[in-house]
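Note sheet for the following structure.
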Amino acid sequence: MEPSFYKYILHHSKKDQIGLVLLSLVSLPLIYVTLELPKRIINLLEGLDIPESFFGHEFDRLTYLMILSVAFLLVVLTSGGLKYLLNIYRGSLGERMLRRFRYELYTRILRFPLPHFKRISSGEIIPMITAETEPLGEFIGESFTLPVFQGGTLLTYLFFIFQQDVFLGLAAISLYPFQLYVIPRLQKRVNELSKERVAVARNLAGRIGETVSGISEVHANDTSHYERAHISQRLGKIYLIRFAIYKRKFFIKFLNNFIAQLTPFFFYSVGGYFVLRGDLSIGSMVAVLVAYKDLSGPWKELLRYYQRMEDIKVKYTQIIQQFNPLNMIQNDIIDQRPDSLTLPNREIQGYNIRYSEDGLYFSIDGASFRFPLDRHFAAVGMGNSGKDELALLMSRLINPSSGSINIGHSKMEDIPESITGKRLGYIGSTAYMFNGTVYDNLCYALKHHPVEQPATEMHKELEHERALAQLAGNSPHRYDDNWIDHNELGLDSPNQLATRIIEILGSVELDEEIYQFGLQSFVNQTQNLDLSERIMQARNQLRDKFKQTDIARLVEPFDHEKYNLNMTVSENLLFGTVYGDSIDVEQLINNPVIQKILQQNNLNEAFLDAGVKIAEIMLDLFSDVEPDSELFDQFSFIEADDLPEFNKLLQDIKRYGLEDLPLEEKRRLISLPFKLIVARHRLGLITEPIQQSILTARRQIHELAGSENLGIEFFDETRYNPRISIQDNILFGKLVYGQANAQQKINELIVDVVKTLGLRNEIIEAGLRYEVGVAGGRLSSIQRQKLGLARALLKAPDLLVINEALASLDTASERRLINNVRDVMQGRGILWVLGKVRLSELFDEVMVMERGRLADKGPFTKLQESSVHFQQLLATE
C-alpha cells in the first residue's frame, strides 16, 4: 500500500479529485458576485452608484433595484446548487474510496502468514477496518477540494475587502501570521496524543476480545476482579490522554475565537474613521463587515482541515503498519488462476527443510523426504517433535524458512492457491465452522470461483451493483452467486452433490447425527412439496400402527374432534402452533379474542373455580418445599416466588368471596388451569363437560382465526404442518404419560417407517439445513471435527493432511474412521498426524519425527523391529 495517504488518494481518484477542484474553482466568481451585489443595492438605496443606463436600457431606481435583487437571488441559487453538487460528488467519492480501502485491508488479512495470527487478535484488527477507517472516508472526498474551495473563498473575500479599502484588508489579515505560526505547534502535540490514544484503544479492544474468548477461565478461576482492574487501568490511561487532548484542542479553539473577535475592533475603528472622513461609503463598510463575517467560516474550515489532515495522516500510517507484516503471501499466489488446476506432479519432495517462527528456535530442522501422492502415511512423534509443523508445511499453510518443498519442478510456495486449495486438504485438531448451515460449511471447500451465468440472467440492478463494486476496486462477485461447479466435480446436478455429501457423512460417521437434526427441522412446503407429501405418507403408516393394541397405548394422536388428555388445556384450546405476535401462549387469558370465546362457553367460571382449587393444592403441597427444588419445575403450577401472593389471594377469597375479587386477580386464577394435563396431573378438575366446552371453544377459535389473523397453524391430520418438526409431523400426537420406554419405542417405530418409505436420505438433506451457530457453537467439538473432515473429503483432494483431528475419540472409533477415510482416499495421498502411535499400523508407511528431524521412515512392522525412536514412542503409550 502507498506509504503516503495523499499518494494513495491520487493513485485511485486523480480524475475525480481534478473534477472536484474544477467544480470548486467555478463557484468562486459567484461568491464574489454575492458580495458585490449587496454593496451595490445599499449604495443604490443611499442614492449612490446610480447608472445612467444598463445594457443600453435606462431604468428608474426601483426597477434597477428589482433587477439587482433578482440577480442576487439567481446567483445565490446557482451558487447553492453548485455547492450541493460538490457535496454529493465529494461524499460519493469518499464513500467509494472508503469501500476500496476497507476491501484492501481485508484482502491483506487473507495474505497474512499463518504465524502472524498468533501475534494479533481479532479485537484489534476488526476496529481498524470498521471504526478507525471511518474518518478516512469522510476526509478523502474533501482532501483536495476543501482547501481549494475554502482557500479560494477566503481569497475571494480578501480580494473584495482589499478592493474596498487597503487598510481594512490589512486589518483583516493582520493576525493570520500569528495563527499560522502558533496553531501548527499546538496541533503537533495533539497529534502525538491522538497516536498514543489509538494504540491504547487497540490494546483495550484486544484485551476485551481475550476476555470474551476466555470467559470460562475467568469464571472458573474467579478472576473477574482482576480482569476489571485490567480494563479499569486501560480506561484510565485513555481518559488521561483524551483529557490532555481536550485541554489543547479547546485552547486552540479559544485562541481562534479570540482572534476572530479581535479583528472587528480594527474594522470598527479604522473603517469608522474613513467613513467619518468621507473616504469610504456606508455600503462598502457594510459589505466589508459582511465579507469579514463570512471570512471566518472558510478560515475556520481551513484550520479544521489542517487539524483533521494531521490526525488522518497518523491514523493512516498506524493502520497500514498493522497490515504490512513480514512474509506476506504474494497477490499472484491468491489471485492467479492457470488453465490447468492440477498439481505439477504426483510426488512431493522435501529438501533439507528448516522452519522457525521467530528465527531462533527451529521446529523443523533439516528434514528431507519423498512423498508419493498415492500412498497413505502416518506421522508420529512427541509434542515438540515437529509433526504439527510438518502437517502445516505439507498443506502449504506455512512455508519453510529455508530448504524447499517441491512438486515436480515447482516449489510448493510458488504454486497458486487456486491449485493447492483444490488439490490439498487440511483438517486440524480444531475445525472452524462458519456461521450458517451444515450444508454451507460442507460446501465451503467447493466455493473457489463463481460459475459464469448467462448474460440474459443478469438484472439491471445487479449489473449496477457489480459496476459500483468494480469502480471501488472491490470484487464484482456476490456471495450468493453460484459458486459450486458441479461439472468440475463430475456431477450433473445438485441432487448428485447431496448424494455424495450423504456418502461422505456416512464415512465420517456423522450421518446419524445429521439425520437427528433433520427429524427436528422444519420443511418449507413451497420449496419441498415432495418431501412434505412423503412425510404425510409416513404419518399415515404410523397411524395404522397406532391401531395395534401394544402401540396404541403409547401415543394419543391429534384429533380435531377429541380432547387430548396428554396435552395442556391451552394446547387443547388452540390445537395448533402459534407463530405470530397476536397471541402470547404464556399469557393466553389476556388475549381479547380468547377472553370472548371463554366467556361465551362459560369457561371463565369453570376455570376460575379450577384455579382456586389448583392454588389451594399447590400451597398445601409446596409451602414447605425449598424454593430451588426441582419439584417446582416438574409439578408446580405456581413459581416459588409467587406462592405468598397466591396465599394472600386465597385469604381474600375466604373473606370477601370470588365475586368482589379484582378482575386482574381473577385472570391470574383463570390462567392456572391452562397448564393442566389431565393424564399427568389427575386432579379431576377438567371434567368431561368442561372438555366438551373446550372443544366447542376450539372450533370457534378456528372459525375466527382467518378474520382475526391469530397466527395459529392448526393441527389437521390430513395436512402437513410446516410449523412443527418432521418428527412431530410423522408422530402427529402426544406421548401418553406413564408408559415405560415410550419415547424409545416410538423412535424405533419412526425409524422403521422412514426406512420403509426410503425417507432417510431426504431427512438427512433436511438436517443439512441445521444452523451450526457462531464458530459452530451449536455443535460438539467431535461433531465439528467430523464435519471439518467431511468438508476436506468432499473436494476429493490429491493429498489429505489430518493433524490429530480425531484424537479425542476413543481408540476403536478413531481406528474405524481411519479405515473409512482410507477407503474414500484410495489412490490418493494421506498424511495423518496421530496422537496414538499404535494406530500407525493401519497406514502404508510411518514417518517418525524427533526434534524437528525425520528420524525414521518405513512400514509399521519394520519400524517396530528396527527403529529405536519408534519403539520408544510405542513404549510411552
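Residues are named by chain letter and number: chains run A, B, ... in the order of the C-alpha cells, numbers start at 1 in each chain, and ligands are numbered from 1 in the order shown.
Neighbouring residues of Ser356 (chain A) at 9 Å or closer, counting only C-alpha atoms and skipping chain neighbours under 3 positions away, are A:Gly359, A:Leu360, A:Tyr361, A:Phe362, A:Ser363, A:Ile364, A:Asp365, A:Pro400, A:Ser401.
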- request: Tell me which protein, DNA and RNA residues are within 12 Å of Lys422 (chain A), counting only C-alpha atoms, leaving out same-chain ones fewer than 6 positions away, and put them as a list in words.
  value: Arg337, Ser340, Leu341, Thr342, Leu343, Ser395, Ile415, Pro416, Tyr444, Ala445, Leu446, Lys447, His448, His449, Glu488, Leu489, Arg791, Ala792, Leu793, Leu794, Lys795, Ala796, Pro797, Asp798, Leu799 and Leu800 of chain A
Output N, CA, C and O atoms for every residue in that selection, as an mmCIF file, in the first residue's frame.
data_model
loop_
_atom_site.group_PDB
_atom_site.id
_atom_site.type_symbol
_atom_site.label_atom_id
_atom_site.label_comp_id
_atom_site.auth_asym_id
_atom_site.auth_seq_id
_atom_site.Cartn_x
_atom_site.Cartn_y
_atom_site.Cartn_z
ATOM 1 N N ARG A 337 -5.157 -17.747 -11.669
ATOM 2 C CA ARG A 337 -5.967 -18.921 -11.998
ATOM 3 C C ARG A 337 -5.468 -19.502 -13.331
ATOM 4 O O ARG A 337 -5.932 -19.121 -14.415
ATOM 5 N N SER A 340 -4.764 -25.002 -16.190
ATOM 6 C CA SER A 340 -4.798 -26.325 -15.571
ATOM 7 C C SER A 340 -4.752 -26.198 -14.053
ATOM 8 O O SER A 340 -3.872 -25.526 -13.507
ATOM 9 N N LEU A 341 -5.706 -26.803 -13.386
ATOM 10 C CA LEU A 341 -5.784 -26.728 -11.927
ATOM 11 C C LEU A 341 -5.378 -28.049 -11.291
ATOM 12 O O LEU A 341 -5.952 -28.495 -10.295
ATOM 13 N N THR A 342 -4.369 -28.690 -11.877
ATOM 14 C CA THR A 342 -3.837 -29.937 -11.318
ATOM 15 C C THR A 342 -2.433 -29.705 -10.795
ATOM 16 O O THR A 342 -1.744 -28.768 -11.217
ATOM 17 N N LEU A 343 -2.006 -30.549 -9.878
ATOM 18 C CA LEU A 343 -0.648 -30.452 -9.339
ATOM 19 C C LEU A 343 0.358 -30.818 -10.425
ATOM 20 O O LEU A 343 0.077 -31.684 -11.275
ATOM 21 N N SER A 395 0.605 -29.036 3.754
ATOM 22 C CA SER A 395 -0.661 -28.485 3.257
ATOM 23 C C SER A 395 -0.489 -27.060 2.745
ATOM 24 O O SER A 395 -1.473 -26.413 2.392
ATOM 25 N N ILE A 415 3.227 -22.269 -6.103
ATOM 26 C CA ILE A 415 2.041 -22.780 -6.795
ATOM 27 C C ILE A 415 0.828 -21.953 -6.382
ATOM 28 O O ILE A 415 0.612 -21.702 -5.191
ATOM 29 N N PRO A 416 0.011 -21.504 -7.331
ATOM 30 C CA PRO A 416 -1.156 -20.678 -6.980
ATOM 31 C C PRO A 416 -2.103 -21.392 -6.029
ATOM 32 O O PRO A 416 -2.232 -22.621 -6.060
ATOM 33 N N TYR A 444 -18.275 -25.256 1.706
ATOM 34 C CA TYR A 444 -17.314 -24.152 1.747
ATOM 35 C C TYR A 444 -16.037 -24.510 0.976
ATOM 36 O O TYR A 444 -15.423 -23.657 0.327
ATOM 37 N N ALA A 445 -15.650 -25.781 1.011
ATOM 38 C CA ALA A 445 -14.428 -26.218 0.339
ATOM 39 C C ALA A 445 -14.583 -26.253 -1.178
ATOM 40 O O ALA A 445 -13.599 -26.461 -1.889
ATOM 41 N N LEU A 446 -15.793 -26.064 -1.693
ATOM 42 C CA LEU A 446 -16.027 -26.124 -3.139
ATOM 43 C C LEU A 446 -16.207 -24.751 -3.769
ATOM 44 O O LEU A 446 -16.352 -24.634 -4.979
ATOM 45 N N LYS A 447 -16.203 -23.702 -2.947
ATOM 46 C CA LYS A 447 -16.528 -22.366 -3.442
ATOM 47 C C LYS A 447 -15.255 -21.597 -3.793
ATOM 48 O O LYS A 447 -14.871 -20.644 -3.115
ATOM 49 N N HIS A 448 -14.618 -22.013 -4.892
ATOM 50 C CA HIS A 448 -13.352 -21.401 -5.299
ATOM 51 C C HIS A 448 -13.567 -20.186 -6.194
ATOM 52 O O HIS A 448 -12.892 -19.173 -6.050
ATOM 53 N N HIS A 449 -14.498 -20.317 -7.124
ATOM 54 C CA HIS A 449 -14.730 -19.233 -8.085
ATOM 55 C C HIS A 449 -16.154 -19.377 -8.604
ATOM 56 O O HIS A 449 -16.621 -20.492 -8.846
ATOM 57 N N GLU A 488 -17.208 -29.621 -12.762
ATOM 58 C CA GLU A 488 -15.821 -29.809 -12.333
ATOM 59 C C GLU A 488 -15.708 -30.948 -11.331
ATOM 60 O O GLU A 488 -14.686 -31.632 -11.253
ATOM 61 N N LEU A 489 -16.770 -31.168 -10.558
ATOM 62 C CA LEU A 489 -16.789 -32.252 -9.582
ATOM 63 C C LEU A 489 -17.213 -33.580 -10.204
ATOM 64 O O LEU A 489 -17.254 -34.605 -9.510
ATOM 65 N N ARG A 791 -15.768 -32.027 5.136
ATOM 66 C CA ARG A 791 -15.560 -30.886 4.226
ATOM 67 C C ARG A 791 -14.310 -31.106 3.383
ATOM 68 O O ARG A 791 -14.316 -30.823 2.172
ATOM 69 N N ALA A 792 -13.235 -31.580 4.013
ATOM 70 C CA ALA A 792 -11.990 -31.804 3.272
ATOM 71 C C ALA A 792 -12.140 -32.951 2.282
ATOM 72 O O ALA A 792 -11.621 -32.898 1.166
ATOM 73 N N LEU A 793 -12.873 -34.009 2.666
ATOM 74 C CA LEU A 793 -13.061 -35.158 1.770
ATOM 75 C C LEU A 793 -13.938 -34.810 0.578
ATOM 76 O O LEU A 793 -13.778 -35.365 -0.511
ATOM 77 N N LEU A 794 -14.877 -33.876 0.775
ATOM 78 C CA LEU A 794 -15.848 -33.554 -0.273
ATOM 79 C C LEU A 794 -15.169 -33.007 -1.521
ATOM 80 O O LEU A 794 -15.631 -33.258 -2.636
ATOM 81 N N LYS A 795 -14.077 -32.273 -1.369
ATOM 82 C CA LYS A 795 -13.417 -31.720 -2.556
ATOM 83 C C LYS A 795 -12.455 -32.719 -3.206
ATOM 84 O O LYS A 795 -11.797 -32.380 -4.185
ATOM 85 N N ALA A 796 -12.413 -33.953 -2.666
ATOM 86 C CA ALA A 796 -11.599 -35.027 -3.257
ATOM 87 C C ALA A 796 -10.173 -34.578 -3.542
ATOM 88 O O ALA A 796 -9.724 -34.549 -4.697
ATOM 89 N N PRO A 797 -9.404 -34.224 -2.525
ATOM 90 C CA PRO A 797 -8.047 -33.711 -2.757
ATOM 91 C C PRO A 797 -7.075 -34.811 -3.161
ATOM 92 O O PRO A 797 -7.314 -35.996 -2.893
ATOM 93 N N ASP A 798 -5.965 -34.413 -3.799
ATOM 94 C CA ASP A 798 -4.906 -35.375 -4.112
ATOM 95 C C ASP A 798 -4.129 -35.754 -2.860
ATOM 96 O O ASP A 798 -3.567 -36.850 -2.791
ATOM 97 N N LEU A 799 -4.073 -34.824 -1.896
ATOM 98 C CA LEU A 799 -3.406 -35.105 -0.624
ATOM 99 C C LEU A 799 -4.286 -34.566 0.500
ATOM 100 O O LEU A 799 -4.671 -33.397 0.496
ATOM 101 N N LEU A 800 -4.587 -35.444 1.452
ATOM 102 C CA LEU A 800 -5.364 -35.054 2.624
ATOM 103 C C LEU A 800 -4.443 -35.095 3.845
ATOM 104 O O LEU A 800 -3.876 -36.139 4.160
#
Sel. of strand (DSSP E or B) residues, region 503-654 of chain A, as a PyMOL selection string: chain A and resi 555-557+568+576-578
- prompt: Of the residues A:Glu645, A:Glu389, A:Asp856, A:Asp481, which is the one nearest to Asn803 (chain A), using only C-alpha atoms?
  reply: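 Of A:Glu645, A:Glu389, A:Asp856, A:Asp481, the one nearest Asn803 (chain A) is A:Glu389, counting only C-alpha atoms.
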- request: Calculate how many Å separate CA of Ile535 (chain A) from CA of Gly518 (chain A), rounding to one decimal.
  value: 12.2 Å
- prompt: Nearest to Arg185 (chain A) among A:Leu643, A:Leu302, A:Leu30, A:Ile252, with distances taken over only C-alpha atoms: which residue is it?
  reply: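 The shortest atom-to-atom distance to Arg185 (chain A) comes from A:Ile252.
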message: Could you tell me how far CA of Ile215 (chain A) sits from CA of Glu227 (chain A), in Å to one decimal place?
response: 10.3 Å
message: Show me, as a PyMOL selection string, the residues that have an atom within 7 Å of region 692-706 of chain A when counting only C-alpha atoms, minus same-chain residues fewer than 4 positions from it.
response: chain A and resi 563+573-574+597-598+601+688+710
message: With DSSP run on the backbone, what are the alpha helix (DSSP H) residues within region 276-516 of chain A? I'd like them as JSON, numbers by chain.
response: {"A": [276, 277, 282, 283, 284, 285, 286, 287, 288, 289, 290, 291, 292, 293, 294, 295, 296, 297, 298, 299, 300, 301, 302, 303, 304, 305, 306, 307, 308, 309, 310, 311, 312, 313, 314, 315, 316, 317, 318, 319, 320, 321, 322, 331, 332, 333, 334, 335, 387, 388, 389, 390, 391, 392, 393, 394, 417, 418, 419, 420, 421, 422, 423, 438, 439, 440, 441, 442, 443, 460, 461, 462, 463, 464, 465, 466, 467, 468, 469, 470, 471, 494, 495, 496, 497, 498, 499, 500, 501, 502, 503, 504, 505, 506, 507, 511, 512, 513, 514, 515, 516]}
